Amino acid sequence: MRNIVVLLAASTFLAACSTQKYEPGPEVALTDTYKNRTGRRGETINPETKWWANFGDKNLNSLIEEALASNLSIEAARERVHAAQLTSRIANSAYLPQIDKVASATVAGNYDKHQVKVGTTRNPLTGQKVPVTRRKWEATDTSSATKGLNGTWVINPLAWKSTKERELERIAAEREALYAARLDIIAAVANAYVSAQGYGRQAQIAKSALSVQNETSEITIAKVEAGSASTLDSTRAKANAALTSADIPVLEQAREQFVNQIATLLGKTPAELDSIFTRYKAVRLPRERFKEGIPADLLRNRPDIRQQERLLAAAVADIGVAESDLWPSLTLSGNLGLSRTQASGTTANWAFGPSVNLPIFDRGALKAGVNLSKSAARQQYLAYRQTVIEAVRQVEDAMVALRQEQIRYSRLSTAVSELTRAEQLARELNNAGTTEFKDVLDAQAASYSAQLQLADSQLQLNINYILLCQALGGGWGGEEAEAYEVVVVKK
C-alpha cells in the first residue's frame, strides 16, 4: 500500500510539471506604421486619454460621465465579472477537502407474543397443581443514533493548478469585456450627441433659408402684380421655399431620434432626459492633440484584443485540465463518528483509506478530450489574430475617412463663401436690372445646398474623429478600471 501511494505522489508531481504554458503576447505580424498615418504630433492616445474633452462641450462631458455610471450595458458587464468570480470559486472548491457533518437517528422496535404464567389451578382428575398461562405481547427497542464527520479529498495537482489558471483568465476576460463596454458607450454617447446637435444645426440652416426664400417669394408676388416679374418667377420662388420646407421634418426627425438614443444610453426613457437640446448648437470641431501611435499599441490599448488574449490563455489552461485526466489521481476518504444503541450503548468508530484511479481502459477517449481542448485553443488563437487584424483595419478606415473628410470640409467652406457672395451679387444685379430674377433663385438654392453640405461635413468630421479614437482604444480607463486592477493585485 505504501509503495502505491509513493508511486502516485511521484506521478502527480510529474503531471503538474507538464502543465501547458501560455506565452503572453502571441505572435501576430504587424507593420511598423499605419498605411494612412496622419503624422500628428502630441501624446499617443491611450486608455486614459479623455479625447471627448477636445470638443470643449460641457454637456457632452457630463453626459458621458453619467452614462459610465448608469448605463445598463455597463452594469450588466459588471455583473458578468461578478458571476465569473463566483464560477471560479465553485470550480476551485472541487479540489479542496470536502468535509460534511452527518447525523442520523433510527427509531425501531419488535412486538412478539410470549406465554406468561399468571397463576396455578388444580387438575380435577389428579388433584395436582398445574400452572395457568396466557399469551402476552412484548416490545423490543432497537433504536439507534449516529453522528460524526465524513471527508473526501481528491488529490490532483495538475487539474487544480490548471483550473485555477483557467478561471482567473476567464475573470480577466470578463473584466476586459467591461472595459470594452465602457469604450463602446463613451463612443456611442459622443456619436449620438454630435449627431443630435449636428442635425439640429442643419434644421436651423433650413429654417433660416426658408425665411429668406419666403421673403423672396413675397417680393416676387409683389413684382408680378406690379408687372416687373413673370408668373414663372413667382412659381419658382414658391417651389424653392417648399423644397426647403420639406427638408426640415427629416432633419428634425433625425435629431429627435438621436436625443432618444442618448436617453437610452443613460438608462432613461426619452421623457426623462433633461432639456439640454432646446437650442441648436453644432458641436465644434475637436482640437486634436494626440497621435495615433503604431499598430502594436492596439495590443495594449484595445480591450477587445486584450479580452481575446485572456480567452486564449484560458483555453491553453483548459488543455492542462484535460491532460490531468490522463494521470493517476488519489482520493483520500474517511469518517469519524459516534453511534448509540439501546442494547450496546455508545460506540466510537472511524475509517480512513486512500483509493487510486488509474485511467487505462478509457485512455483513448481521454486523449481525444485533450486534442479537443487543443483544437479549441487553436480556434481561440485564430479569433485573437482576426480581432487584431480587424482592429488595424478599423484604425486605417477611420484615419482615411477623417483625412478625406477634412479635404471635403475645406472645399465646401470655400464653396459656401463663394456662393454667399454670388447670392448677394445676383440680388444687386437684379435690382440694377442687369440680370434675370432666375439667377437670384438659383443662387439662393445653391447657397442653401452648400451650407447644408458644410454642416453635414462638420458632423462627419466629428463622427470620424470619434471613430478613430474608439478604434485606437482610447478613453476606457478611469477609476473603475483602476479598482479592478487593485482587485487583481490583491489576489
# chains A, B, ... in the order shown; residues from 1 in each chain; ligands from 1
call {"tool": "select_by_dssp", "arguments": {"residues": "segment 177-300 of chain A", "states": "helix (DSSP H, G or I)", "output": "VMD selection string"}}
result
chain A and resid 177 to 226 231 to 265 270 to 272 295 to 300
call {"tool": "residues_around", "arguments": {"residues": "Ala177 of chain A", "least_positions_apart": "2", "cutoff": "7 Å", "atoms": "only C-alpha atoms", "output": "number ranges by chain"}}
result
A: 77, 173-175, 179-181, 303-304, 307
call {"tool": "closest_residue", "arguments": {"among": "A:Thr120, A:Ser373, A:Thr269, A:Ser417", "to": "Val316 of chain A", "atoms": "only C-alpha atoms"}}
result
A:Ser373
call {"tool": "closest_atom_pairs", "arguments": {"of": "segment 221-315 of chain A", "to": "segment 196-204 of chain A", "cutoff": "8 Å", "atoms": "only C-alpha atoms", "output": "CSV"}}
result
residue,atom,partner,partner_atom,distance
A:Asp247,CA,A:Ala203,CA,7.8
A:Ile248,CA,A:Ala203,CA,5.5
A:Leu251,CA,A:Ala203,CA,5.6
A:Glu252,CA,A:Ala203,CA,6.5
A:Ala254,CA,A:Tyr199,CA,6.7
A:Arg255,CA,A:Ala196,CA,4.4
A:Glu256,CA,A:Ala196,CA,7.0
A:Gln257,CA,A:Ala196,CA,7.9
A:Phe258,CA,A:Ala196,CA,5.2
A:Val259,CA,A:Ala196,CA,6.0
A:Phe277,CA,A:Gln197,CA,7.6
A:Tyr280,CA,A:Gly200,CA,5.0
A:Lys281,CA,A:Gln197,CA,5.7
A:Ala282,CA,A:Gln197,CA,5.0
A:Val283,CA,A:Gln197,CA,6.5
call {"tool": "write_last_selection", "arguments": {"atoms": "N, CA and C atoms", "output": "short mmCIF file (atom, residue, chain, number, x, y, z; two decimals), in the first residue's frame"}}
result
data_model
loop_
_atom_site.label_atom_id
_atom_site.label_comp_id
_atom_site.auth_asym_id
_atom_site.auth_seq_id
_atom_site.Cartn_x
_atom_site.Cartn_y
_atom_site.Cartn_z
N ASP A 247 -37.30 69.71 -46.20
CA ASP A 247 -36.11 69.16 -45.55
C ASP A 247 -36.21 69.20 -44.03
N ILE A 248 -36.97 70.15 -43.50
CA ILE A 248 -36.99 70.38 -42.05
C ILE A 248 -37.53 69.18 -41.28
N LEU A 251 -34.85 66.42 -40.99
CA LEU A 251 -33.75 66.79 -40.10
C LEU A 251 -34.19 66.77 -38.64
N GLU A 252 -35.40 67.24 -38.37
CA GLU A 252 -35.92 67.22 -37.00
C GLU A 252 -36.12 65.79 -36.51
N ALA A 254 -34.39 63.10 -37.46
CA ALA A 254 -33.07 62.54 -37.16
C ALA A 254 -32.55 63.07 -35.82
N ARG A 255 -32.71 64.37 -35.60
CA ARG A 255 -32.26 64.98 -34.36
C ARG A 255 -32.97 64.36 -33.15
N GLU A 256 -34.28 64.24 -33.24
CA GLU A 256 -35.06 63.71 -32.11
C GLU A 256 -34.70 62.26 -31.82
N GLN A 257 -34.45 61.47 -32.85
CA GLN A 257 -34.10 60.07 -32.64
C GLN A 257 -32.75 59.92 -31.97
N PHE A 258 -31.80 60.79 -32.29
CA PHE A 258 -30.51 60.74 -31.61
C PHE A 258 -30.63 61.19 -30.15
N VAL A 259 -31.52 62.14 -29.88
CA VAL A 259 -31.77 62.53 -28.49
C VAL A 259 -32.34 61.35 -27.71
N PHE A 277 -31.30 70.07 -25.11
CA PHE A 277 -31.29 70.21 -26.57
C PHE A 277 -32.33 71.21 -27.05
N TYR A 280 -30.35 74.72 -30.93
CA TYR A 280 -29.47 74.07 -31.89
C TYR A 280 -28.08 74.65 -31.74
N LYS A 281 -27.14 73.78 -31.41
CA LYS A 281 -25.77 74.25 -31.26
C LYS A 281 -24.84 73.17 -31.78
N ALA A 282 -24.33 73.40 -32.95
CA ALA A 282 -23.44 72.41 -33.54
C ALA A 282 -22.18 72.27 -32.70
N VAL A 283 -21.75 71.03 -32.48
CA VAL A 283 -20.52 70.80 -31.74
C VAL A 283 -19.34 71.20 -32.62
#
call {"tool": "select_by_dssp", "arguments": {"residues": "segment 133-264 of chain A", "states": "strand (DSSP E or B)", "output": "PyMOL selection string"}}
result
chain A and resi 133-141+144-155
call {"tool": "write_last_selection", "arguments": {"atoms": "N, CA and C atoms", "output": "PDB file, in the first residue's frame"}}
result
ATOM      1  N   THR A 133     -51.410 -20.180  32.196  1.00  0.00           N
ATOM      2  CA  THR A 133     -50.688 -19.198  31.342  1.00  0.00           C
ATOM      3  C   THR A 133     -51.652 -18.525  30.362  1.00  0.00           C
ATOM      4  N   ARG A 134     -51.106 -17.422  29.859  1.00  0.00           N
ATOM      5  CA  ARG A 134     -51.815 -16.740  28.769  1.00  0.00           C
ATOM      6  C   ARG A 134     -50.785 -16.078  27.826  1.00  0.00           C
ATOM      7  N   ARG A 135     -51.181 -15.777  26.597  1.00  0.00           N
ATOM      8  CA  ARG A 135     -50.293 -15.186  25.602  1.00  0.00           C
ATOM      9  C   ARG A 135     -50.279 -13.646  25.754  1.00  0.00           C
ATOM     10  N   LYS A 136     -49.045 -13.056  25.764  1.00  0.00           N
ATOM     11  CA  LYS A 136     -48.887 -11.615  26.000  1.00  0.00           C
ATOM     12  C   LYS A 136     -47.881 -11.016  24.988  1.00  0.00           C
ATOM     13  N   TRP A 137     -48.215  -9.786  24.444  1.00  0.00           N
ATOM     14  CA  TRP A 137     -47.299  -9.082  23.524  1.00  0.00           C
ATOM     15  C   TRP A 137     -46.209  -8.361  24.309  1.00  0.00           C
ATOM     16  N   GLU A 138     -44.969  -8.488  23.873  1.00  0.00           N
ATOM     17  CA  GLU A 138     -43.848  -7.788  24.483  1.00  0.00           C
ATOM     18  C   GLU A 138     -43.079  -7.021  23.394  1.00  0.00           C
ATOM     19  N   ALA A 139     -42.677  -5.775  23.681  1.00  0.00           N
ATOM     20  CA  ALA A 139     -41.962  -4.907  22.724  1.00  0.00           C
ATOM     21  C   ALA A 139     -40.465  -4.932  22.996  1.00  0.00           C
ATOM     22  N   THR A 140     -39.663  -4.942  21.893  1.00  0.00           N
ATOM     23  CA  THR A 140     -38.197  -4.873  21.984  1.00  0.00           C
ATOM     24  C   THR A 140     -37.709  -3.618  21.272  1.00  0.00           C
ATOM     25  N   ASP A 141     -36.975  -2.717  21.966  1.00  0.00           N
ATOM     26  CA  ASP A 141     -36.492  -1.434  21.384  1.00  0.00           C
ATOM     27  C   ASP A 141     -35.151  -1.654  20.665  1.00  0.00           C
ATOM     28  N   SER A 144     -31.489   3.554  17.268  1.00  0.00           N
ATOM     29  CA  SER A 144     -30.065   3.887  17.256  1.00  0.00           C
ATOM     30  C   SER A 144     -29.902   5.334  16.788  1.00  0.00           C
ATOM     31  N   ALA A 145     -28.750   5.945  17.143  1.00  0.00           N
ATOM     32  CA  ALA A 145     -28.422   7.305  16.731  1.00  0.00           C
ATOM     33  C   ALA A 145     -26.937   7.369  16.393  1.00  0.00           C
ATOM     34  N   THR A 146     -26.638   8.106  15.306  1.00  0.00           N
ATOM     35  CA  THR A 146     -25.247   8.217  14.848  1.00  0.00           C
ATOM     36  C   THR A 146     -24.940   9.669  14.505  1.00  0.00           C
ATOM     37  N   LYS A 147     -23.760  10.141  14.840  1.00  0.00           N
ATOM     38  CA  LYS A 147     -23.300  11.467  14.429  1.00  0.00           C
ATOM     39  C   LYS A 147     -21.783  11.428  14.258  1.00  0.00           C
ATOM     40  N   GLY A 148     -21.303  12.291  13.316  1.00  0.00           N
ATOM     41  CA  GLY A 148     -19.864  12.286  13.054  1.00  0.00           C
ATOM     42  C   GLY A 148     -19.506  13.120  11.836  1.00  0.00           C
ATOM     43  N   LEU A 149     -18.320  12.877  11.280  1.00  0.00           N
ATOM     44  CA  LEU A 149     -17.790  13.618  10.142  1.00  0.00           C
ATOM     45  C   LEU A 149     -17.392  12.659   9.034  1.00  0.00           C
ATOM     46  N   ASN A 150     -17.749  13.033   7.798  1.00  0.00           N
ATOM     47  CA  ASN A 150     -17.302  12.298   6.615  1.00  0.00           C
ATOM     48  C   ASN A 150     -16.451  13.227   5.766  1.00  0.00           C
ATOM     49  N   GLY A 151     -15.354  12.749   5.213  1.00  0.00           N
ATOM     50  CA  GLY A 151     -14.486  13.602   4.408  1.00  0.00           C
ATOM     51  C   GLY A 151     -13.885  12.882   3.227  1.00  0.00           C
ATOM     52  N   THR A 152     -13.713  13.629   2.123  1.00  0.00           N
ATOM     53  CA  THR A 152     -13.017  13.121   0.940  1.00  0.00           C
ATOM     54  C   THR A 152     -12.118  14.232   0.398  1.00  0.00           C
ATOM     55  N   TRP A 153     -11.026  13.832  -0.236  1.00  0.00           N
ATOM     56  CA  TRP A 153     -10.103  14.790  -0.831  1.00  0.00           C
ATOM     57  C   TRP A 153      -9.494  14.161  -2.074  1.00  0.00           C
ATOM     58  N   VAL A 154      -9.861  14.731  -3.205  1.00  0.00           N
ATOM     59  CA  VAL A 154      -9.299  14.271  -4.468  1.00  0.00           C
ATOM     60  C   VAL A 154      -8.011  15.046  -4.720  1.00  0.00           C
ATOM     61  N   ILE A 155      -6.878  14.351  -4.719  1.00  0.00           N
ATOM     62  CA  ILE A 155      -5.575  14.997  -4.892  1.00  0.00           C
ATOM     63  C   ILE A 155      -5.171  14.910  -6.355  1.00  0.00           C
TER      64      ILE A 155
END
call {"tool": "residues_around", "arguments": {"residues": "Ala237 of chain A", "least_positions_apart": "5", "cutoff": "8 Å", "atoms": "only C-alpha atoms", "output": "list in words"}}
result
Gln213, Asn214, Thr216, Ser217, Thr220 and Leu441 of chain A
call {"tool": "write_last_selection", "arguments": {"atoms": "C-alpha atoms", "output": "PDB file, in the first residue's frame"}}
result
ATOM      1  CA  GLN A 213     -36.945  82.220 -49.531  1.00  0.00           C
ATOM      2  CA  ASN A 214     -40.409  83.094 -48.194  1.00  0.00           C
ATOM      3  CA  THR A 216     -38.151  86.415 -51.726  1.00  0.00           C
ATOM      4  CA  SER A 217     -41.411  84.725 -52.755  1.00  0.00           C
ATOM      5  CA  THR A 220     -41.759  88.185 -56.344  1.00  0.00           C
ATOM      6  CA  LEU A 441     -33.340  81.977 -57.174  1.00  0.00           C
TER       7      LEU A 441
END
call {"tool": "closest_residue", "arguments": {"among": "A:Arg302, A:Lys223, A:Lys58, A:Arg89", "to": "Gly475 of chain A", "atoms": "only C-alpha atoms"}}
result
A:Arg302
call {"tool": "atom_distance", "arguments": {"atom1": "atom CA of Ile171 of chain A", "atom2": "atom CA of Ser88 of chain A"}}
result
7.9 Å
call {"tool": "closest_residue", "arguments": {"among": "A:Gly267, A:Pro97, A:Pro359, A:Pro295", "to": "Arg393 of chain A", "atoms": "only C-alpha atoms"}}
result
A:Pro295
call {"tool": "atom_distance", "arguments": {"atom1": "atom CA of Ile463 of chain A", "atom2": "atom CA of Ala246 of chain A"}}
result
25.5 Å
call {"tool": "residues_around", "arguments": {"residues": "Leu372 of chain A", "least_positions_apart": "2", "cutoff": "12 Å", "atoms": "only C-alpha atoms", "output": "compact mmCIF listing (two decimals) with C-alpha atoms, in the first residue's frame"}}
result
# COMPACT_ATOMS: atom_id res chain seq x y z
CA ALA A 315 -8.17 27.88 -23.50
CA VAL A 316 -4.50 26.91 -23.07
CA ASP A 318 -8.05 24.16 -20.22
CA ILE A 319 -5.66 21.83 -22.07
CA GLY A 320 -3.96 21.22 -18.73
CA VAL A 321 -7.32 20.38 -17.16
CA ALA A 322 -7.95 17.78 -19.87
CA GLU A 323 -4.40 16.37 -19.56
CA ALA A 365 -11.29 8.86 -25.08
CA LEU A 366 -9.28 10.96 -22.63
CA LYS A 367 -6.62 11.67 -25.27
CA ALA A 368 -9.36 12.70 -27.66
CA GLY A 369 -10.55 15.13 -24.98
CA VAL A 370 -7.05 16.62 -24.77
CA LYS A 374 -6.06 21.86 -28.13
CA SER A 375 -8.37 22.44 -31.10
CA ALA A 376 -10.43 24.89 -29.04
CA ALA A 377 -7.25 26.76 -28.11
CA ARG A 378 -6.22 26.89 -31.76
CA GLN A 379 -9.62 28.31 -32.71
call {"tool": "residues_around", "arguments": {"residues": "Glu75 of chain A", "least_positions_apart": "2", "cutoff": "12 Å", "atoms": "only C-alpha atoms", "output": "list in words"}}
result
Ala67, Leu68, Ala69, Ser70, Asn71, Leu72, Ser73, Ala77, Arg78, Glu79, Arg80, Val81, His82, Ala177, Leu178, Tyr179, Ala181, Arg182, Ile185, Leu265, Leu266, Gly267 and Glu480 of chain A
call {"tool": "residues_around", "arguments": {"residues": "Arg289 of chain A", "least_positions_apart": "6", "cutoff": "12 Å", "atoms": "only C-alpha atoms", "output": "list in words"}}
result
Gly39, Arg40, Arg41, Gly42, Glu43, Thr44, Ile45, Thr49, Lys50, Trp51, Trp52, Ala53, Asn54, Phe55, Tyr465 and Cys469 of chain A
call {"tool": "atom_distance", "arguments": {"atom1": "atom CA of Tyr448 of chain A", "atom2": "atom CA of Ala422 of chain A"}}
result
12.0 Å
